[in-house]
Every structure is written in structure tokens, then in C-alpha cells.
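S.K.: Could you have a look at this structure, given as C-alpha cells, before my questions?
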Amino acid sequence: MLDVWEATRNSVNLVPGETIELYLRSDLGRVAWQNLLGNLLLLVPLGALGPLAWRTLDSWKRIIGAGLSISISIELLQFAKRFFDMTGMTRSVDIDDVILNTAGVAIGYSAFLLVRGVGRLFSRITARRG
């Protein structure tokens with residue numbers, strides 16, 4: 001069976017899909033799913049609430065760009081931590097985390113657009129009746 005812990009400990013993965021496939025093929029079960037879903041859900045709030053907080057993020061291009069920038073920044077900080085951490089407990093740096101984080105932003109923004117669209121439709125319907 002694949003030893004996920006050895007494969008990802010102190011590693012840098014720049015091959016898209018490699019870690020996702022490794023987790024899906026592993027026997028880690030719940031741990032693998034927590035990692036995958038955690039990365040996917042991490043930036044959903046940015047996609048869902050970012051356009052409410054900052055109107056300039058209310059476009060696909062801008063919200064995805066913001067999410068991608070934040071996710072890459074997280075990975076760069078994890079990479080830099082390898083050189084400054086005296087405890088030896090470094091984190092892996094993984095392109096799949098960036099992909100999953102950015103997909104989470106897209107899910108959040110899709111939910112935002114759906115809720116906004118339903119709200120506008122409801123407003124129009126109630127305005128006609130009223």
C-alpha cells in the first residue's frame with residue numbers, strides 16, 4: 001500500500017493531481033478525505049463573502065485571481081517555513097492544495113451568484129404583487 005506520510009512529509013509537489021491521486025488510492029480513508037475536503041473548503045468563504053465585503057471582487061476573473069493569490073501565498077509561506085523552523089515540523093508544499101483552494105473559491109462564488117440571483121428574482125416577484 002502507498003505510504004502517504006513518507007511521500008508527503010517534507011516534500012514539494014509541483015505535479016498537478018499527484019497528491020490527490022495518492023490520497024484517493026491510499027488506505028488513509030478519513031484522513032485523506034479530511035485533507036482533500038479541508039483544502040477544497042478552506043477558501044469557499046472568500047468566494048461566497050468576498051464580493052459582499054469588496055465589490056471589486058464581484059467578477060470571476062477577480063475572485064479567482066484573489067483566491068489563487070492567497071493560496072499561492074499560503075504555499076510560499078509553508079515553503080519558507082522549512083528554512084526557519086527549528087522544530088523540524090515542516091509542511092509539504094503542493095500544487096494540488098492550490099488547485100483545491102482555488103476550486104473552493106469557485107464553489108463559493110457560484111453559491112454567491114446563485115443566492116444573489118434567487119434574491120433578485122424574489123424581489124421582482126414580490127414587487128409585481130405589491
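Identifiers for the C-alpha cells are assigned positionally: chains receive A, B, ... in sequence, residues are indexed from 1 per chain, and ligands are indexed from 1 in the order shown.
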Applying 6 Å and only C-alpha atoms, which residues near Ile95 (chain A) remain after dropping the ones on its own chain fewer than 2 positions away? List them as a PyMOL selection string.

M.R.: chain A and resi 14+16+97-98

S.K.: Selection from above, C-alpha atoms, as a PDB file, in the first residue's frame, can you write it?

M.R.:
```
ATOM      1  CA  LEU A  14       4.637  20.574  -8.477  1.00  0.00           C
ATOM      2  CA  PRO A  16      -0.885  18.635 -10.687  1.00  0.00           C
ATOM      3  CA  ASP A  97      -3.537  22.422  -2.477  1.00  0.00           C
ATOM      4  CA  VAL A  98      -3.556  25.486  -4.743  1.00  0.00           C
TER       5      VAL A  98
END
```

S.K.: If you run DSSP over the backbone, which residues in chain A end up strand (DSSP E)? Put them as a ChimeraX atom specification.

M.R.: /A:12-13,93-94

S.K.: Keeping only N, CA, C and O atoms, write the selected residues to a file as a PDB file, in the first residue's frame.

M.R.:
```pdb
ATOM      1  N   VAL A  12       7.886  18.707  -1.718  1.00  0.00           N
ATOM      2  CA  VAL A  12       7.376  19.748  -2.606  1.00  0.00           C
ATOM      3  C   VAL A  12       6.834  19.024  -3.825  1.00  0.00           C
ATOM      4  O   VAL A  12       7.550  18.279  -4.483  1.00  0.00           O
ATOM      5  N   ASN A  13       5.543  19.218  -4.103  1.00  0.00           N
ATOM      6  CA  ASN A  13       4.935  18.588  -5.261  1.00  0.00           C
ATOM      7  C   ASN A  13       4.470  19.659  -6.233  1.00  0.00           C
ATOM      8  O   ASN A  13       3.616  20.474  -5.908  1.00  0.00           O
ATOM      9  N   VAL A  93       4.580  21.356   0.478  1.00  0.00           N
ATOM     10  CA  VAL A  93       4.158  22.396  -0.454  1.00  0.00           C
ATOM     11  C   VAL A  93       3.618  21.659  -1.670  1.00  0.00           C
ATOM     12  O   VAL A  93       4.311  20.829  -2.253  1.00  0.00           O
ATOM     13  N   ASP A  94       2.368  21.975  -2.036  1.00  0.00           N
ATOM     14  CA  ASP A  94       1.716  21.132  -3.032  1.00  0.00           C
ATOM     15  C   ASP A  94       0.836  21.945  -3.973  1.00  0.00           C
ATOM     16  O   ASP A  94      -0.033  22.701  -3.523  1.00  0.00           O
TER      17      ASP A  94
END
```

S.K.: Which residue, A:Ala80, A:Ala48, A:Leu36, A:Ala127, has the smallest gap to Tyr23 (chain A) when you use only C-alpha atoms?

M.R.: A:Leu36

S.K.: Given the choices A:Leu22, A:Met89, A:Leu77, A:Ile63, which gets closest to Thr102 (chain A) if the distance is worked out from only C-alpha atoms?

M.R.: A:Ile63

S.K.: Tell me, in Å to one decimal, how far CA of Leu113 (chain A) is from CA of Leu52 (chain A).

M.R.: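 Value for the CA of Leu113 (chain A)-CA of Leu52 (chain A) distance: 11.0 Å.
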
S.K.: Could you pull out the helix (DSSP H, G or I) residues of region 17-92 of chain A from DSSP and send them as a PyMOL selection string?

M.R.: chain A and resi 18-25+30-41+44-53+55-57+60-84

S.K.: Excluding same-chain residues fewer than 4 positions from Ala103 (chain A), what lies within 9 Å of it counting only C-alpha atoms, as a PyMOL selection string?

M.R.: chain A and resi 40-41+43-44+64+67+98-99+107-108

S.K.: Store the residues of this selection in a file with all heavy atoms, as a compact mmCIF listing (two decimals), in the first residue's frame.

M.R.:
```txt
# COMPACT_ATOMS: atom_id res chain seq x y z
N LEU A 40 -10.30 21.97 -0.16
CA LEU A 40 -11.37 22.43 -1.04
C LEU A 40 -12.22 23.50 -0.35
O LEU A 40 -12.58 24.50 -0.96
CB LEU A 40 -12.24 21.25 -1.47
CG LEU A 40 -13.37 21.56 -2.44
CD1 LEU A 40 -12.81 22.03 -3.78
CD2 LEU A 40 -14.24 20.34 -2.64
N LEU A 41 -12.52 23.29 0.92
CA LEU A 41 -13.44 24.19 1.63
C LEU A 41 -12.77 25.41 2.25
O LEU A 41 -13.45 26.36 2.63
CB LEU A 41 -14.18 23.40 2.73
CG LEU A 41 -15.05 22.25 2.23
CD1 LEU A 41 -15.65 21.49 3.41
CD2 LEU A 41 -16.14 22.75 1.30
N LEU A 43 -11.15 28.05 1.22
CA LEU A 43 -11.40 29.39 0.67
C LEU A 43 -12.81 29.59 0.10
O LEU A 43 -13.08 30.58 -0.56
CB LEU A 43 -10.34 29.73 -0.38
CG LEU A 43 -8.91 29.86 0.15
CD1 LEU A 43 -7.95 30.25 -0.97
CD2 LEU A 43 -8.82 30.85 1.30
N VAL A 44 -13.72 28.65 0.39
CA VAL A 44 -15.12 28.84 -0.02
C VAL A 44 -15.67 30.15 0.55
O VAL A 44 -16.34 30.90 -0.17
CB VAL A 44 -16.00 27.63 0.38
CG1 VAL A 44 -17.48 27.94 0.25
CG2 VAL A 44 -15.63 26.40 -0.45
N ILE A 64 -11.31 34.68 -8.67
CA ILE A 64 -10.39 33.55 -8.88
C ILE A 64 -8.95 34.03 -8.71
O ILE A 64 -8.12 33.35 -8.10
CB ILE A 64 -10.61 32.90 -10.26
CG1 ILE A 64 -12.00 32.24 -10.33
CG2 ILE A 64 -9.52 31.88 -10.57
CD1 ILE A 64 -12.25 31.12 -9.34
N GLY A 67 -8.31 34.39 -4.97
CA GLY A 67 -8.17 33.07 -4.35
C GLY A 67 -6.86 32.40 -4.72
O GLY A 67 -6.18 31.81 -3.86
N VAL A 98 -3.18 24.26 -4.02
CA VAL A 98 -3.56 25.49 -4.74
C VAL A 98 -4.77 25.22 -5.63
O VAL A 98 -5.72 26.02 -5.67
CB VAL A 98 -2.36 26.01 -5.59
CG1 VAL A 98 -2.78 27.19 -6.45
CG2 VAL A 98 -1.19 26.38 -4.69
N ILE A 99 -4.77 24.09 -6.31
CA ILE A 99 -5.89 23.73 -7.19
C ILE A 99 -7.17 23.57 -6.38
O ILE A 99 -8.22 24.12 -6.75
CB ILE A 99 -5.56 22.44 -7.98
CG1 ILE A 99 -4.44 22.72 -8.97
CG2 ILE A 99 -6.81 21.89 -8.68
CD1 ILE A 99 -3.83 21.46 -9.59
N ILE A 107 -16.44 27.48 -6.02
CA ILE A 107 -17.68 26.95 -5.43
C ILE A 107 -18.37 28.05 -4.61
O ILE A 107 -19.58 28.24 -4.71
CB ILE A 107 -17.37 25.72 -4.55
CG1 ILE A 107 -16.95 24.53 -5.42
CG2 ILE A 107 -18.57 25.35 -3.67
CD1 ILE A 107 -16.36 23.37 -4.65
N GLY A 108 -17.59 28.76 -3.82
CA GLY A 108 -18.16 29.84 -3.01
C GLY A 108 -18.76 30.94 -3.86
O GLY A 108 -19.86 31.44 -3.57
```

S.K.: Please measure the separation of CA of Arg62 (chain A) and CA of Lys81 (chain A), giving the value in Å to one decimal.

M.R.: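 The value is 28.3 Å.
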
S.K.: Which residue, A:Ser71, A:Ser123, A:Ser11, A:Ser110, has the smallest gap to Asn39 (chain A) when you use only C-alpha atoms?

M.R.: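 Ranked by minimum distance to Asn39 (chain A), first place goes to A:Ser71.
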
S.K.: So, counting only C-alpha atoms, which residue among A:Val115, A:Ile125, A:Leu37, A:Asn101 is closest to Ser73 (chain A)?

M.R.: A:Asn101

S.K.: For a quick check of understanding, using only C-alpha atoms, which of A:Trp33, A:Glu75, A:Leu49, A:Met86 has the smallest distance to Phe112 (chain A)?

M.R.: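 For Phe112 (chain A), the nearest of the given residues is A:Leu49.
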
S.K.: Pick the closest to Ile20 (chain A) from A:Thr87, A:Thr56, A:Gln34, A:Ser69: which is it, counting only C-alpha atoms?

M.R.: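 Going through A:Thr87, A:Thr56, A:Gln34, A:Ser69 one by one, the smallest distance to Ile20 (chain A) is for A:Gln34.
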